[in-house]
Amino acid sequence: MKLTTKLLAATAIMSASAVSAVELEVTHWWTSGGEAAAVGKFADAWNATGNTWVDGAIAGSGGTARPIIISRILGGDPMAATQLNHGRQAEELIEAGMMLDLTDVAEAGGWTDIVNPSSLLDSCTLDGKIYCVPVNIHSAQWLWLSHDAYEKAGLDVPADWNEFVASAAALDAAGVVPLAMGQQGWQQNLAFGAITIAVAGLDAWRDVTVNKNADTARGPEYTAVFEAVANARELARDSNVQDWNQATNMVITGMAGAQLMGDWAQGEFSVAGQIEGQDYSCLPGLGLNAILDTGGDAFYFPVNDDPEITAAQKELAALLISPEVQVSFNLAKGSLPVRGDIDMAAANGCMQKGLGILADGGILPSGDQSLSADTQTQIEDLMAEFWSGDMPAADAQARYADLIASAD
Amino acid sequence: MSVVEDGTLKSPKRPMRLFRNPMAKLASIPMILTAVVVFMGGTLWTVVYSFTGSRLLPKLNWVGLDQYERLWDTPRWLISISNLALYGACSLVLTLTIGFFLAALLDRKIRFESAFRTIFLYPFALSFVVTGIAWQWILNPDFGMESLVQGWGWESFRFDPLNDPDTVMFGLLIAGIWQGSGLIMCIMLAGLRGIDEDIWKAARVDGIGTVKTYIRIIIPMMRPVFVTALVLIASGIIKLYDLVVAQTNGGPGISSEVPAKYVIEYMFRAQNLGQGFAASTMMLVSVIIILIPWAYLEFGGKKNA
């Protein structure tokens, strides 16, 4: 017994002296080329402080990675830091006291003053305490257009969604699929959300998504939305790819006229060597409403018993939002930075458009911030069913309104 | 046997039944504990929490039958159930038929029997994920079977089951049967080899045809083998999940969803444990509904016989 104690003490001393630099394991699901490059910027910055970044990338989308991350935290094997989408995904974990309170770091860094839009910080806040670091902003309301496809059809590239719908017949006649759409629920839900904001406008959207008013969801604004989505469904009828980047590739190669996808599609165009305004165009808010949602990624720090790690976690939290790291990370990721006080001159045309909208305050909370994962999944299921079949617009609207009525 | 036992246990006080073969009982304690605590306990826990409004974390806030009402109001669940029923019925009949047919062919003492046996059994060595992805490629109209046949000159050939909501379950069925019938064939073959040669000789002496011998004599004799095969196939059907995830991921739309996928996605992606538990409880109930009458017929009937 004594020997064991001595050995343990010796081990403790040795490990204490060996770990002058703290190793932090960080889990995330950024595994595509551009994403991996972006997360590398975080790792480089952290390693430069003399600590060690242990990369815990989880392949697959957030839907695959989140359950793994959450079950590790619940199972008592927490990582030092993890990516999650800010919003309601970690709500219950925070309530259960499993996430580190970052309020002191936030106060020291003056986060309330620098984070723009402030709603990002709000969704990290519970009962006045801050539990996560927002690192970037992704918006979903973008229409990506192929100049190549419009050349084939002999038309000018549309300037908004309505012009695009009007040009669809000509695209079809030229043998181009008007709208590229991956056959996955989240993409169809994203397209639905983007069309909603363009067609129904901000007020109706806010009333339904934020206030969960089912009457508005049954009303005429949303009837127009569902008819527009039913129309878009017909435009995307010949697009039978699955993944979003395959659909983006249809736009890049000119096989499809347009795609509704978030700003992360930008990365695919860059990798393909395409130039904005010359090979492709991007229309934030579908060219109708200069409004973007402000979903995105945030880092959470699960509670740890080791005070040394806790100190390092807070150090990392402050680093992730520091100006230099924000610039290098977001340029690589193609997303918008969370602070308004930094110079993003190196960003390309589409990002500049997004930054402009952000500066003008054309922002709204993302679905992740307003609706629970449960409701989101139900809406995604409905959208998957609606887009793949022949469900009438009125039926879909009625079912959507029911989901909103029971949403929490 | 009883003589030996009497010889060794001459002592006036026979030891209690409970303590006979203590080593064997000791060795089986872990398995008994696993069965009671993990299987039974886990099942009970799941059923109890299916009556709560648990979201990401299990909590005991009772909501009565709300989760079940919502479940049976959800189109995706109803589609999942009918898909599983369709897949189950077809898979059961076809796997048994094909498995037995292949086994009977191999049993006719053909040449290269072991080569054929290996070929038929090979798909079973693949996981459902690999099977699903392989068949997704084979059935892909752009570079799979359809384009191959069109390349041979049959331009109008259409075979695209996975992109049509009405036929997607048959696309899954093809892959499932391809994967599973090899194992059933092997079990059937073992059963056929267990049939006494004299039965065949007797049938031949009586002038009964080969097919008739199989149907009238051999199959009834193979009842235990069929039961084994049935249990294997049925358990494969109810847990159908990875094949769907790999091959169609529930698509197009939600037309190839299955109950197990609903359970997983509502438990983890939608972060609604209560709803997932309600769905898994319904799966358990449906298995019990099928199993109890069968078990009664299979085991309960023997006492009377």
# chains A, B, ... in the order shown; residues from 1 in each chain; ligands from 1
$ select_by_dssp --residues "region 41-135 of chain A" --states "helix (DSSP H, G or I)" --output "number ranges by chain"
A: 41-48, 62-74, 91-95, 103-109, 111-114, 119-122
$ residues_around --residues "region 102-117 of chain A" --least-positions-apart "2" --cutoff "7 Å" --atoms "only C-alpha atoms" --output "mmCIF file with C-alpha atoms, in the first residue's frame"
data_model
loop_
_atom_site.group_PDB
_atom_site.id
_atom_site.type_symbol
_atom_site.label_atom_id
_atom_site.label_comp_id
_atom_site.auth_asym_id
_atom_site.auth_seq_id
_atom_site.Cartn_x
_atom_site.Cartn_y
_atom_site.Cartn_z
ATOM 1 C CA LEU A 100 -17.582 26.056 -17.827
ATOM 2 C CA SER A 119 -27.456 38.122 -30.568
ATOM 3 C CA LEU A 120 -24.493 35.770 -30.953
ATOM 4 C CA LEU A 121 -23.473 36.417 -27.391
ATOM 5 C CA LYS A 129 -23.695 34.006 -17.509
ATOM 6 C CA ILE A 130 -21.696 33.338 -20.656
ATOM 7 C CA TYR A 131 -20.913 29.758 -21.541
ATOM 8 C CA CYS A 132 -19.475 29.795 -25.043
ATOM 9 C CA LYS A 314 -10.142 30.206 -20.283
ATOM 10 C CA ALA A 318 -9.831 34.425 -24.988
ATOM 11 C CA VAL A 338 -17.916 37.701 -34.908
ATOM 12 C CA ARG A 339 -16.374 41.060 -34.136
ATOM 13 C CA GLY A 340 -17.072 44.220 -36.088
ATOM 14 C CA ASP A 341 -13.822 45.986 -35.206
#
$ atom_distance --atom1 "CA of Lys261 (chain B)" --atom2 "CA of Leu273 (chain B)"
13.6 Å
$ interface_residues --of "chain A" --to "chain B" --cutoff "10 Å" --atoms "only C-alpha atoms" --output "tab-separated table (two decimals) with N, CA and C atoms, in the first residue's frame"
chain	number	residue	atom	x	y	z
A	62	GLY	N	-22.44	17.71	-38.48
A	62	GLY	CA	-22.78	17.98	-37.10
A	62	GLY	C	-23.74	16.95	-36.53
A	63	GLY	N	-24.63	16.45	-37.40
A	63	GLY	CA	-25.60	15.46	-36.93
A	63	GLY	C	-24.92	14.19	-36.44
A	64	THR	N	-23.77	13.85	-37.02
A	64	THR	CA	-23.02	12.68	-36.58
A	64	THR	C	-22.19	13.00	-35.35
A	65	ALA	N	-21.57	14.20	-35.39
A	65	ALA	CA	-20.58	14.53	-34.37
A	65	ALA	C	-21.24	14.91	-33.04
A	66	ARG	N	-22.36	15.63	-33.10
A	66	ARG	CA	-22.96	16.13	-31.88
A	66	ARG	C	-23.29	15.03	-30.88
A	67	PRO	N	-23.97	13.93	-31.32
A	67	PRO	CA	-24.24	12.88	-30.35
A	67	PRO	C	-22.98	12.33	-29.70
A	68	ILE	N	-21.89	12.22	-30.48
A	68	ILE	CA	-20.63	11.70	-29.92
A	68	ILE	C	-20.11	12.67	-28.87
A	70	ILE	N	-21.77	14.97	-27.18
A	70	ILE	CA	-22.64	15.06	-26.01
A	70	ILE	C	-22.52	13.82	-25.15
A	71	SER	N	-22.42	12.64	-25.79
A	71	SER	CA	-22.35	11.44	-24.94
A	71	SER	C	-21.00	11.38	-24.22
A	74	LEU	N	-21.56	13.67	-21.23
A	74	LEU	CA	-22.46	13.02	-20.27
A	74	LEU	C	-21.79	11.83	-19.61
A	89	GLN	N	-28.55	23.95	-28.74
A	89	GLN	CA	-28.06	22.58	-28.69
A	89	GLN	C	-27.48	22.20	-27.34
A	90	ALA	N	-26.84	23.16	-26.65
A	90	ALA	CA	-26.15	22.82	-25.40
A	90	ALA	C	-26.95	23.28	-24.18
A	91	GLU	N	-28.17	23.77	-24.44
A	91	GLU	CA	-28.97	24.35	-23.37
A	91	GLU	C	-29.04	23.48	-22.12
A	92	GLU	N	-29.40	22.21	-22.35
A	92	GLU	CA	-29.61	21.33	-21.19
A	92	GLU	C	-28.31	20.98	-20.51
A	93	LEU	N	-27.21	20.91	-21.30
A	93	LEU	CA	-25.92	20.62	-20.70
A	93	LEU	C	-25.51	21.76	-19.78
A	96	ALA	N	-27.50	21.60	-16.65
A	96	ALA	CA	-27.03	20.54	-15.76
A	96	ALA	C	-25.66	20.85	-15.17
A	183	GLN	N	-30.68	15.97	-52.06
A	183	GLN	CA	-31.89	15.35	-51.51
A	183	GLN	C	-31.71	15.02	-50.04
A	184	GLN	N	-31.45	16.00	-49.21
A	184	GLN	CA	-31.33	15.77	-47.78
A	184	GLN	C	-32.18	16.78	-47.04
A	185	GLY	N	-32.81	16.33	-45.97
A	185	GLY	CA	-33.78	17.15	-45.26
A	185	GLY	C	-33.25	18.52	-44.86
A	188	GLN	N	-33.13	20.89	-47.80
A	188	GLN	CA	-34.46	21.30	-48.23
A	188	GLN	C	-35.05	22.27	-47.23
A	240	ASN	N	-30.83	15.01	-58.82
A	240	ASN	CA	-30.92	13.89	-57.89
A	240	ASN	C	-29.59	13.60	-57.20
A	242	GLN	N	-27.06	14.00	-53.81
A	242	GLN	CA	-27.35	13.91	-52.39
A	242	GLN	C	-26.69	15.04	-51.59
A	372	SER	N	-35.97	24.40	-31.06
A	372	SER	CA	-35.21	23.31	-30.44
A	372	SER	C	-34.83	22.30	-31.51
A	373	ALA	N	-33.85	21.48	-31.20
A	373	ALA	CA	-33.41	20.46	-32.15
A	373	ALA	C	-34.57	19.53	-32.51
A	374	ASP	N	-35.44	19.31	-31.55
A	374	ASP	CA	-36.59	18.44	-31.78
A	374	ASP	C	-37.49	19.01	-32.87
A	375	THR	N	-37.86	20.28	-32.74
A	375	THR	CA	-38.72	20.91	-33.73
A	375	THR	C	-38.01	20.98	-35.08
A	376	GLN	N	-36.72	21.31	-35.05
A	376	GLN	CA	-35.95	21.38	-36.30
A	376	GLN	C	-36.02	20.05	-37.03
A	377	THR	N	-35.84	18.95	-36.28
A	377	THR	CA	-35.86	17.63	-36.91
A	377	THR	C	-37.23	17.34	-37.51
A	378	GLN	N	-38.27	17.73	-36.79
A	378	GLN	CA	-39.62	17.48	-37.33
A	378	GLN	C	-39.85	18.27	-38.61
A	380	GLU	N	-37.52	19.32	-40.65
A	380	GLU	CA	-36.69	18.70	-41.69
A	380	GLU	C	-37.37	17.48	-42.28
A	381	ASP	N	-37.99	16.66	-41.41
A	381	ASP	CA	-38.70	15.48	-41.92
A	381	ASP	C	-39.82	15.89	-42.85
A	382	LEU	N	-40.55	16.92	-42.45
A	382	LEU	CA	-41.65	17.40	-43.28
A	382	LEU	C	-41.11	17.89	-44.62
A	383	MET	N	-40.02	18.64	-44.59
A	383	MET	CA	-39.47	19.18	-45.82
A	383	MET	C	-38.96	18.06	-46.73
A	384	ALA	N	-38.32	17.06	-46.12
A	384	ALA	CA	-37.83	15.93	-46.92
A	384	ALA	C	-38.99	15.25	-47.63
A	385	GLU	N	-40.10	15.10	-46.91
A	385	GLU	CA	-41.26	14.45	-47.50
A	385	GLU	C	-41.86	15.34	-48.60
A	386	PHE	N	-41.92	16.64	-48.31
A	386	PHE	CA	-42.54	17.58	-49.24
A	386	PHE	C	-41.74	17.67	-50.54
A	387	TRP	N	-40.42	17.80	-50.42
A	387	TRP	CA	-39.61	18.02	-51.61
A	387	TRP	C	-39.51	16.79	-52.49
A	388	SER	N	-39.60	15.61	-51.88
A	388	SER	CA	-39.36	14.42	-52.70
A	388	SER	C	-40.64	13.89	-53.33
A	389	GLY	N	-41.78	14.32	-52.86
A	389	GLY	CA	-43.02	13.74	-53.36
A	389	GLY	C	-43.87	14.76	-54.08
$ residues_around --residues "region 291-297 of chain A" --least-positions-apart "2" --cutoff "9 Å" --atoms "only C-alpha atoms" --output "JSON, numbers by chain"
{"A": [83, 84, 85, 86, 87, 117, 119, 120, 133, 134, 135, 136, 137, 138, 139, 140, 141, 142, 197, 198, 202, 284, 285, 288, 289, 299, 335, 354, 357, 358, 361, 362, 363, 364, 365, 366, 367, 368, 369]}
$ write_last_selection --atoms "N, CA and C atoms" --output "JSON list (two decimals), in the first residue's frame"
[["chain", "number", "residue", "atom", "x", "y", "z"],
["A", 83, "GLN", "N", -16.54, 22.26, -30.42],
["A", 83, "GLN", "CA", -17.39, 23.05, -31.30],
["A", 83, "GLN", "C", -18.84, 22.60, -31.13],
["A", 84, "LEU", "N", -19.74, 23.56, -31.13],
["A", 84, "LEU", "CA", -21.17, 23.26, -31.29],
["A", 84, "LEU", "C", -21.73, 24.47, -32.02],
["A", 85, "ASN", "N", -22.91, 24.33, -32.59],
["A", 85, "ASN", "CA", -23.54, 25.52, -33.16],
["A", 85, "ASN", "C", -24.15, 26.29, -32.02],
["A", 86, "HIS", "N", -23.91, 27.60, -31.99],
["A", 86, "HIS", "CA", -24.52, 28.28, -30.86],
["A", 86, "HIS", "C", -26.01, 28.33, -31.08],
["A", 87, "GLY", "N", -26.69, 28.31, -29.98],
["A", 87, "GLY", "CA", -28.12, 28.14, -30.07],
["A", 87, "GLY", "C", -28.55, 27.26, -28.94],
["A", 117, "PRO", "N", -23.21, 40.58, -34.58],
["A", 117, "PRO", "CA", -24.33, 41.10, -33.80],
["A", 117, "PRO", "C", -24.34, 40.55, -32.37],
["A", 119, "SER", "N", -26.64, 39.32, -30.76],
["A", 119, "SER", "CA", -27.46, 38.12, -30.57],
["A", 119, "SER", "C", -26.59, 36.88, -30.45],
["A", 120, "LEU", "N", -25.39, 36.92, -31.05],
["A", 120, "LEU", "CA", -24.49, 35.77, -30.95],
["A", 120, "LEU", "C", -24.13, 35.50, -29.51],
["A", 133, "VAL", "N", -17.89, 30.67, -26.63],
["A", 133, "VAL", "CA", -17.23, 31.69, -27.42],
["A", 133, "VAL", "C", -17.73, 31.58, -28.85],
["A", 134, "PRO", "N", -18.45, 32.55, -29.36],
["A", 134, "PRO", "CA", -18.78, 32.50, -30.78],
["A", 134, "PRO", "C", -17.51, 32.73, -31.60],
["A", 135, "VAL", "N", -17.32, 31.96, -32.67],
["A", 135, "VAL", "CA", -16.10, 32.14, -33.45],
["A", 135, "VAL", "C", -16.37, 32.59, -34.88],
["A", 136, "ASN", "N", -17.55, 32.33, -35.39],
["A", 136, "ASN", "CA", -17.83, 32.79, -36.76],
["A", 136, "ASN", "C", -19.32, 32.89, -36.98],
["A", 137, "ILE", "N", -19.66, 33.51, -38.10],
["A", 137, "ILE", "CA", -21.07, 33.65, -38.46],
["A", 137, "ILE", "C", -21.26, 32.98, -39.81],
["A", 138, "HIS", "N", -22.23, 32.10, -39.86],
["A", 138, "HIS", "CA", -22.62, 31.53, -41.15],
["A", 138, "HIS", "C", -24.06, 31.92, -41.40],
["A", 139, "SER", "N", -24.33, 32.27, -42.63],
["A", 139, "SER", "CA", -25.70, 32.59, -42.96],
["A", 139, "SER", "C", -26.15, 31.67, -44.08],
["A", 140, "ALA", "N", -27.44, 31.43, -44.11],
["A", 140, "ALA", "CA", -27.96, 30.41, -45.02],
["A", 140, "ALA", "C", -28.65, 30.99, -46.25],
["A", 141, "GLN", "N", -28.99, 32.30, -46.22],
["A", 141, "GLN", "CA", -29.87, 32.84, -47.26],
["A", 141, "GLN", "C", -29.08, 33.33, -48.47],
["A", 142, "TRP", "N", -28.48, 32.41, -49.18],
["A", 142, "TRP", "CA", -27.71, 32.81, -50.35],
["A", 142, "TRP", "C", -28.19, 32.03, -51.57],
["A", 197, "ILE", "N", -37.87, 33.88, -46.04],
["A", 197, "ILE", "CA", -37.45, 35.25, -45.74],
["A", 197, "ILE", "C", -37.58, 36.13, -46.98],
["A", 198, "ALA", "N", -37.31, 35.55, -48.15],
["A", 198, "ALA", "CA", -37.42, 36.34, -49.37],
["A", 198, "ALA", "C", -38.87, 36.63, -49.71],
["A", 202, "LEU", "N", -39.57, 39.68, -43.33],
["A", 202, "LEU", "CA", -39.00, 39.48, -42.01],
["A", 202, "LEU", "C", -40.04, 39.36, -40.91],
["A", 284, "PRO", "N", -27.03, 37.45, -51.58],
["A", 284, "PRO", "CA", -27.45, 37.29, -50.18],
["A", 284, "PRO", "C", -28.90, 37.71, -50.02],
["A", 285, "GLY", "N", -29.64, 37.00, -49.19],
["A", 285, "GLY", "CA", -31.07, 37.29, -49.04],
["A", 285, "GLY", "C", -31.83, 37.09, -50.33],
["A", 288, "LEU", "N", -33.62, 39.76, -52.62],
["A", 288, "LEU", "CA", -34.88, 40.45, -52.33],
["A", 288, "LEU", "C", -34.81, 41.21, -51.01],
["A", 289, "ASN", "N", -34.42, 40.53, -49.97],
["A", 289, "ASN", "CA", -34.29, 41.17, -48.67],
["A", 289, "ASN", "C", -32.84, 41.10, -48.24],
["A", 299, "PHE", "N", -17.53, 27.73, -29.48],
["A", 299, "PHE", "CA", -16.81, 26.73, -28.70],
["A", 299, "PHE", "C", -17.30, 26.74, -27.26],
["A", 335, "SER", "N", -16.23, 32.27, -43.67],
["A", 335, "SER", "CA", -17.35, 32.76, -42.86],
["A", 335, "SER", "C", -17.05, 34.18, -42.40],
["A", 354, "GLY", "N", -21.64, 40.21, -47.56],
["A", 354, "GLY", "CA", -22.14, 39.75, -46.27],
["A", 354, "GLY", "C", -21.75, 40.70, -45.15],
["A", 357, "ILE", "N", -23.94, 43.78, -45.20],
["A", 357, "ILE", "CA", -25.27, 43.56, -44.63],
["A", 357, "ILE", "C", -25.19, 43.52, -43.10],
["A", 358, "LEU", "N", -24.14, 42.86, -42.63],
["A", 358, "LEU", "CA", -23.95, 42.76, -41.19],
["A", 358, "LEU", "C", -23.76, 44.14, -40.57],
["A", 361, "GLY", "N", -26.83, 46.04, -40.17],
["A", 361, "GLY", "CA", -27.76, 45.50, -39.18],
["A", 361, "GLY", "C", -28.87, 44.67, -39.78],
["A", 362, "GLY", "N", -28.69, 44.17, -41.00],
["A", 362, "GLY", "CA", -29.72, 43.32, -41.61],
["A", 362, "GLY", "C", -29.60, 41.89, -41.13],
["A", 363, "ILE", "N", -29.87, 41.69, -39.86],
["A", 363, "ILE", "CA", -29.59, 40.38, -39.27],
["A", 363, "ILE", "C", -30.80, 39.81, -38.56],
["A", 364, "LEU", "N", -30.85, 38.51, -38.52],
["A", 364, "LEU", "CA", -31.90, 37.85, -37.76],
["A", 364, "LEU", "C", -31.33, 36.60, -37.14],
["A", 365, "PRO", "N", -31.93, 36.14, -36.05],
["A", 365, "PRO", "CA", -31.38, 34.95, -35.41],
["A", 365, "PRO", "C", -31.58, 33.73, -36.29],
["A", 366, "SER", "N", -30.70, 32.75, -36.20],
["A", 366, "SER", "CA", -30.86, 31.56, -37.02],
["A", 366, "SER", "C", -31.90, 30.64, -36.39],
["A", 367, "GLY", "N", -32.38, 29.71, -37.22],
["A", 367, "GLY", "CA", -33.34, 28.73, -36.72],
["A", 367, "GLY", "C", -32.80, 27.99, -35.51],
["A", 368, "ASP", "N", -31.49, 27.71, -35.52],
["A", 368, "ASP", "CA", -30.87, 27.00, -34.39],
["A", 368, "ASP", "C", -31.07, 27.76, -33.09],
["A", 369, "GLN", "N", -31.13, 29.09, -33.20],
["A", 369, "GLN", "CA", -31.24, 29.89, -31.99],
["A", 369, "GLN", "C", -32.68, 29.98, -31.50]]
$ select_by_dssp --residues "region 5-177 of chain A" --states "strand (DSSP E)" --output "number ranges by chain"
A: 23-28, 52-57, 81-85, 125-126, 129-130, 132-134, 142-146, 177
$ write_last_selection --atoms "C-alpha atoms" --output "PDB file, in the first residue's frame"
ATOM      1  CA  GLU A  23      -2.608  19.755 -23.684  1.00  0.00           C
ATOM      2  CA  LEU A  24      -6.173  20.548 -24.599  1.00  0.00           C
ATOM      3  CA  GLU A  25      -8.245  18.175 -26.647  1.00  0.00           C
ATOM      4  CA  VAL A  26     -10.591  20.036 -28.947  1.00  0.00           C
ATOM      5  CA  THR A  27     -13.380  18.250 -30.771  1.00  0.00           C
ATOM      6  CA  HIS A  28     -15.057  19.614 -33.886  1.00  0.00           C
ATOM      7  CA  THR A  52      -0.588  21.912 -27.246  1.00  0.00           C
ATOM      8  CA  TRP A  53      -3.704  21.586 -29.369  1.00  0.00           C
ATOM      9  CA  VAL A  54      -4.839  17.960 -29.548  1.00  0.00           C
ATOM     10  CA  ASP A  55      -7.101  17.767 -32.548  1.00  0.00           C
ATOM     11  CA  GLY A  56     -10.231  15.686 -32.077  1.00  0.00           C
ATOM     12  CA  ALA A  57     -11.879  15.999 -35.475  1.00  0.00           C
ATOM     13  CA  ALA A  81     -13.205  22.272 -25.643  1.00  0.00           C
ATOM     14  CA  THR A  82     -15.712  21.477 -28.332  1.00  0.00           C
ATOM     15  CA  GLN A  83     -17.388  23.054 -31.298  1.00  0.00           C
ATOM     16  CA  LEU A  84     -21.169  23.261 -31.287  1.00  0.00           C
ATOM     17  CA  ASN A  85     -23.539  25.518 -33.162  1.00  0.00           C
ATOM     18  CA  THR A 125     -25.814  33.389 -22.344  1.00  0.00           C
ATOM     19  CA  LEU A 126     -27.992  31.659 -19.806  1.00  0.00           C
ATOM     20  CA  LYS A 129     -23.695  34.006 -17.509  1.00  0.00           C
ATOM     21  CA  ILE A 130     -21.696  33.338 -20.656  1.00  0.00           C
ATOM     22  CA  CYS A 132     -19.475  29.795 -25.043  1.00  0.00           C
ATOM     23  CA  VAL A 133     -17.233  31.695 -27.424  1.00  0.00           C
ATOM     24  CA  PRO A 134     -18.783  32.496 -30.785  1.00  0.00           C
ATOM     25  CA  TRP A 142     -27.708  32.810 -50.354  1.00  0.00           C
ATOM     26  CA  LEU A 143     -28.543  32.100 -53.986  1.00  0.00           C
ATOM     27  CA  TRP A 144     -25.561  30.954 -56.021  1.00  0.00           C
ATOM     28  CA  LEU A 145     -25.836  31.397 -59.779  1.00  0.00           C
ATOM     29  CA  SER A 146     -23.804  29.877 -62.598  1.00  0.00           C
ATOM     30  CA  VAL A 177     -31.414  21.932 -64.451  1.00  0.00           C
TER      31      VAL A 177
END
$ residues_around --residues "Ala230 (chain A)" --least-positions-apart "6" --cutoff "10 Å" --atoms "only C-alpha atoms" --output "list in words"
Phe192, Ala224, Ala236, Phe386, Trp387, Asp390, Met391, Pro392, Ala393, Ala394 and Ala396 of chain A
$ closest_residue --among "A:Cys350, A:Val229, A:Leu179, A:Ile69" --to "Ile195 (chain A)" --atoms "only C-alpha atoms"
A:Val229
$ residues_around --residues "region 33-47 of chain A" --least-positions-apart "3" --cutoff "9 Å" --atoms "only C-alpha atoms" --output "mmCIF file with N, CA and C atoms, in the first residue's frame"
data_model
loop_
_atom_site.group_PDB
_atom_site.id
_atom_site.type_symbol
_atom_site.label_atom_id
_atom_site.label_comp_id
_atom_site.auth_asym_id
_atom_site.auth_seq_id
_atom_site.Cartn_x
_atom_site.Cartn_y
_atom_site.Cartn_z
ATOM 1 N N HIS A 28 -14.304 18.820 -32.916
ATOM 2 C CA HIS A 28 -15.057 19.614 -33.886
ATOM 3 C C HIS A 28 -15.387 18.712 -35.062
ATOM 4 N N TRP A 29 -16.215 19.194 -35.984
ATOM 5 C CA TRP A 29 -16.533 18.379 -37.163
ATOM 6 C C TRP A 29 -16.141 19.117 -38.444
ATOM 7 N N TRP A 30 -15.059 19.864 -38.362
ATOM 8 C CA TRP A 30 -14.561 20.558 -39.554
ATOM 9 C C TRP A 30 -13.549 19.683 -40.260
ATOM 10 N N GLY A 50 2.681 28.127 -26.594
ATOM 11 C CA GLY A 50 3.447 27.169 -25.811
ATOM 12 C C GLY A 50 2.617 26.008 -25.313
ATOM 13 N N ASN A 51 1.332 26.020 -25.580
ATOM 14 C CA ASN A 51 0.478 24.903 -25.200
ATOM 15 C C ASN A 51 0.322 23.959 -26.381
ATOM 16 N N THR A 52 -0.428 22.880 -26.168
ATOM 17 C CA THR A 52 -0.588 21.912 -27.246
ATOM 18 C C THR A 52 -2.060 21.714 -27.571
ATOM 19 N N TRP A 53 -2.360 21.808 -28.844
ATOM 20 C CA TRP A 53 -3.704 21.586 -29.369
ATOM 21 C C TRP A 53 -3.791 20.134 -29.798
ATOM 22 N N VAL A 54 -4.640 19.344 -29.135
ATOM 23 C CA VAL A 54 -4.839 17.960 -29.548
ATOM 24 C C VAL A 54 -6.124 17.925 -30.361
ATOM 25 N N ASP A 55 -5.962 17.646 -31.643
ATOM 26 C CA ASP A 55 -7.101 17.767 -32.548
ATOM 27 C C ASP A 55 -8.000 16.550 -32.444
ATOM 28 N N ALA A 57 -10.896 15.851 -34.403
ATOM 29 C CA ALA A 57 -11.879 15.999 -35.475
ATOM 30 C C ALA A 57 -12.760 14.760 -35.550
ATOM 31 N N GLY A 267 -16.586 28.283 -50.355
ATOM 32 C CA GLY A 267 -15.349 27.504 -50.345
ATOM 33 C C GLY A 267 -15.221 26.606 -51.566
ATOM 34 N N GLU A 268 -16.351 26.002 -51.983
ATOM 35 C CA GLU A 268 -16.314 25.104 -53.136
ATOM 36 C C GLU A 268 -15.961 25.864 -54.412
ATOM 37 N N VAL A 271 -12.242 26.663 -54.303
ATOM 38 C CA VAL A 271 -11.409 25.496 -54.584
ATOM 39 C C VAL A 271 -11.421 25.186 -56.080
ATOM 40 N N LEU A 316 -7.678 29.666 -23.773
ATOM 41 C CA LEU A 316 -8.056 29.333 -25.150
ATOM 42 C C LEU A 316 -9.285 30.130 -25.581
ATOM 43 N N LEU A 319 -8.309 33.428 -26.590
ATOM 44 C CA LEU A 319 -7.525 33.417 -27.827
ATOM 45 C C LEU A 319 -8.419 33.325 -29.060
ATOM 46 N N LEU A 320 -9.470 32.489 -28.981
ATOM 47 C CA LEU A 320 -10.294 32.216 -30.156
ATOM 48 C C LEU A 320 -10.973 33.471 -30.688
ATOM 49 N N VAL A 325 -6.587 36.046 -34.695
ATOM 50 C CA VAL A 325 -7.090 34.692 -34.912
ATOM 51 C C VAL A 325 -8.420 34.743 -35.661
ATOM 52 N N GLN A 326 -9.261 35.710 -35.319
ATOM 53 C CA GLN A 326 -10.544 35.851 -36.015
ATOM 54 C C GLN A 326 -10.344 36.086 -37.505
ATOM 55 N N SER A 328 -7.585 35.388 -39.464
ATOM 56 C CA SER A 328 -6.992 34.270 -40.207
ATOM 57 C C SER A 328 -7.967 33.104 -40.298
ATOM 58 N N PHE A 329 -8.707 32.845 -39.226
ATOM 59 C CA PHE A 329 -9.648 31.724 -39.240
ATOM 60 C C PHE A 329 -10.775 31.960 -40.250
ATOM 61 N N ASN A 330 -11.379 33.141 -40.183
ATOM 62 C CA ASN A 330 -12.551 33.363 -41.015
ATOM 63 C C ASN A 330 -12.205 33.502 -42.490
ATOM 64 N N LEU A 331 -11.006 33.998 -42.804
ATOM 65 C CA LEU A 331 -10.602 34.041 -44.209
ATOM 66 C C LEU A 331 -10.484 32.624 -44.753
ATOM 67 N N ALA A 332 -9.941 31.726 -43.946
ATOM 68 C CA ALA A 332 -9.796 30.343 -44.403
ATOM 69 C C ALA A 332 -11.150 29.651 -44.480
ATOM 70 N N LYS A 333 -12.031 29.976 -43.570
ATOM 71 C CA LYS A 333 -13.317 29.275 -43.482
ATOM 72 C C LYS A 333 -14.343 29.833 -44.462
ATOM 73 N N GLY A 334 -14.166 31.101 -44.870
ATOM 74 C CA GLY A 334 -15.155 31.713 -45.745
ATOM 75 C C GLY A 334 -16.358 32.214 -44.980
#
$ residues_around --residues "region 221-227 of chain B" --least-positions-apart "2" --cutoff "8 Å" --atoms "only C-alpha atoms" --output "list in words"
Ile187, Met188, Gly191, Leu192, Ile195, Ile217, Ile218, Ile219, Ala229, Leu230 and Val231 of chain B
$ residues_around --residues "Pro259 (chain B)" --least-positions-apart "5" --cutoff "12 Å" --atoms "only C-alpha atoms" --output "number ranges by chain"
B: 71, 74-85, 87, 237-242, 244, 250, 254, 264-266, 276-284, 286
